[in-house]
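Structure, as structure tokens:
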Amino acid sequence: MKFAVVGGTGLIGSQVVKNLKAAGQEAVPHSPSTGVDIISGKGLDEALAGADTVVNLANSPTFDEASLAFFQTSMDNLLAASQKAGVGHFVILSIVGVDQVPELVYYRAKALQEELLTAGPIPYSIVRATQFMEFMDATLSWTADNETVRLPTTPIQPIAAKDVAAAVTDVAQGPPLRGIRNIAGPEVFPLDELGRITLSAKGDRRTVVTDPTAGMFGEVKGDVLTDMGADLAPTRYADWLS
């Protein structure tokens with residue numbers, strides 16, 4: 001089978017391409033660096049020609065209102081080009097709980113991406129993942145100064161990027177789900193406690209201050225970003241840190 005992996009040079013995409021090739025598949029990464037622009041449409045028809053499956057892992061460059069336009073335009077272009085190419089399976093990566101956090105504009109944008117896919121002409125699969133372990137440093141930086149990091153107690157179920165890539169690879173090689181598969185890490189932590197664990201492991205002496213309003217995740221109510229009923233990945237956070 002031939003797989004067109006859009007966003008195929010990024011954190012998840014590069015691993016998906018590697019996994020598919022290891023499984024004996026033809027997997028071609030596409031990104032602006034390879035001459036494919038999913039916003040203007042430049043290079044799309046050529047990129048998807050002959051593809052059996054499209055795996056779209058491209059992400060908005062911002063988390064603000066502009067992310068809505070990014071996903072609207074990119075999905076319109078990708079779905080049109082996929083239909084023209086006769087693609088039989090279209091896969092995207094989304095977020096556990098994405099449709100339950102309307103307060104966050106980026107989550108609304110990802111929910112829009114899902115809606116465009118499910119209403120579109122191509123048989124599809126959606127993989128929803130919990131928060132990546134690799135994004136913890138960025139999360140800490142949003143509300144940090146030289147002495148403290150402010151974090152809410154929002155429950156988080158971190159998953160390693162390699163486990164996300166493995167799940168996306170598995171779904172992409174199977175028949176279209178015409179639905180959603182949730183994947184998650186094996187443990188749930190309050191975000192402030194996860195921050196303390198992370199700083200301690202790195203020898204960072206800053207103090208984590210519990211602040212229910214701090215950062216993007218301060219907007220999240222309850223445990224909607226976790227799912228112990230999901231397919232649980234094997235990598236534990238302490239092992240990933242080490």
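Just so we're on the same page: first chain in the structure tokens is A, next is B, and so on; residues restart at 1 for each chain, and ligands are numbered from 1 in the order they show up.
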Kindly provide the residues of region 99-202 of chain A that approach region 229-240 of chain A to within 8 Å, each paired with its closest atom pair and their distance in Å to one decimal, based on only C-alpha atoms, listed by chain and increasing number, as JSON lines.
{"residue": "A:Met133", "atom": "CA", "partner": "A:Tyr237", "partner_atom": "CA", "distance": 7.3}
{"residue": "A:Pro158", "atom": "CA", "partner": "A:Tyr237", "partner_atom": "CA", "distance": 7.1}
{"residue": "A:Ile159", "atom": "CA", "partner": "A:Ala233", "partner_atom": "CA", "distance": 6.9}
{"residue": "A:Ala160", "atom": "CA", "partner": "A:Thr235", "partner_atom": "CA", "distance": 6.5}
{"residue": "A:Asp163", "atom": "CA", "partner": "A:Ala233", "partner_atom": "CA", "distance": 6.1}
{"residue": "A:Arg181", "atom": "CA", "partner": "A:Ala230", "partner_atom": "CA", "distance": 7.6}
{"residue": "A:Asn182", "atom": "CA", "partner": "A:Ala230", "partner_atom": "CA", "distance": 5.0}
{"residue": "A:Ile183", "atom": "CA", "partner": "A:Asp231", "partner_atom": "CA", "distance": 4.7}
{"residue": "A:Ala184", "atom": "CA", "partner": "A:Leu232", "partner_atom": "CA", "distance": 5.1}
{"residue": "A:Gly185", "atom": "CA", "partner": "A:Ala233", "partner_atom": "CA", "distance": 5.1}
{"residue": "A:Pro186", "atom": "CA", "partner": "A:Leu232", "partner_atom": "CA", "distance": 5.4}
{"residue": "A:Glu187", "atom": "CA", "partner": "A:Arg236", "partner_atom": "CA", "distance": 7.0}
Residues within 9 Å of Arg196 (chain A), only C-alpha atoms, excluding chain neighbours under 5 positions, as a ChimeraX atom specification: /A:191,201,206-208
Every residue of region 20-126 of chain A that DSSP places in strand (DSSP E or B), as a PyMOL selection string: chain A and resi 26-30+53-56+89-95+124-126
Give me, as a tab-separated table, the closest atom pair and its distance (Å, one decimal) for every residue of region 58-154 of chain A within a cut-off of 12 Å of region 19-43 of chain A, counting only C-alpha atoms, rows sorted by chain and rising number.
residue	atom	partner	partner_atom	distance
A:Ala58	CA	A:Ser31	CA	8.0
A:Asn59	CA	A:Ile38	CA	10.7
A:Ser60	CA	A:Ile39	CA	10.6
A:Pro61	CA	A:Ile39	CA	11.9
A:Ser67	CA	A:Ile39	CA	11.9
A:Ala69	CA	A:Ile39	CA	9.5
A:Phe70	CA	A:Ile39	CA	7.2
A:Phe71	CA	A:Ile39	CA	9.0
A:Gln72	CA	A:Ile39	CA	9.3
A:Thr73	CA	A:Ile39	CA	6.0
A:Ser74	CA	A:Ile38	CA	5.2
A:Met75	CA	A:Ile38	CA	8.1
A:Asp76	CA	A:Ile39	CA	9.1
A:Asn77	CA	A:Gly41	CA	6.2
A:Leu78	CA	A:Ile38	CA	6.8
A:Leu79	CA	A:Ile38	CA	10.5
A:Ala80	CA	A:Gly41	CA	10.0
A:Ala81	CA	A:Gly41	CA	8.6
A:Ser82	CA	A:Gly41	CA	11.8
Option closest in space to Val168 (chain A), from A:Ile122, A:Leu151, A:Ala66, A:Val127 [counting only C-alpha atoms]: A:Val127
With the cut-off set at 8 Å and counting only C-alpha atoms, tabulate each residue of region 27-99 of chain A with an atom at most that distance from an atom of region 128-132 of chain A, showing the nearest atom pair and its distance in Å to one decimal, ordered by chain and increasing number, as JSON lines.
{"residue": "A:Leu93", "atom": "CA", "partner": "A:Arg128", "partner_atom": "CA", "distance": 5.9}
{"residue": "A:Ser94", "atom": "CA", "partner": "A:Arg128", "partner_atom": "CA", "distance": 4.4}
{"residue": "A:Ile95", "atom": "CA", "partner": "A:Arg128", "partner_atom": "CA", "distance": 4.5}
{"residue": "A:Val96", "atom": "CA", "partner": "A:Arg128", "partner_atom": "CA", "distance": 5.0}
Output the selection as an mmCIF file, in the first residue's frame - C-alpha atoms for each residue.
data_model
loop_
_atom_site.group_PDB
_atom_site.id
_atom_site.type_symbol
_atom_site.label_atom_id
_atom_site.label_comp_id
_atom_site.auth_asym_id
_atom_site.auth_seq_id
_atom_site.Cartn_x
_atom_site.Cartn_y
_atom_site.Cartn_z
ATOM 1 C CA LEU A 93 -4.752 12.576 14.950
ATOM 2 C CA SER A 94 -6.918 14.476 17.436
ATOM 3 C CA ILE A 95 -7.194 14.935 21.209
ATOM 4 C CA VAL A 96 -9.071 13.005 23.904
#
Region 4-164 of chain A: residues DSSP assigns to helix (DSSP H, G or I), reported as a PyMOL selection string: chain A and resi 13-22+32-34+44-48+66-85+98-100+105-119+133-141+161-164
Best match for closeness to Val224 (chain A) among A:Val164, A:Val171, A:Ile126, A:Val101, counting only C-alpha atoms: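 Nearest to Val224 (chain A): A:Val101.
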Residue nearest Val149 (chain A) among A:Thr198, A:Val87, A:Val54, A:Val5 (counting only C-alpha atoms): A:Thr198
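Shortest atom-to-atom contact with Lys221 (chain A) among A:Gln173, A:Ser242, A:Ser141, A:Gln100: A:Gln100, counting only C-alpha atoms.
You can rank A:Ala172, A:Met216, A:Ala165, A:Glu103 by their closest distance to Phe3 (chain A) using only C-alpha atoms, and at the top of that list sits A:Ala172.
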Point-to-point distance from CA of Glu46 (chain A) to CA of Ala111 (chain A), Å rounded to tenths: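 For CA of Glu46 (chain A) relative to CA of Ala111 (chain A), the distance reads 28.1 Å.
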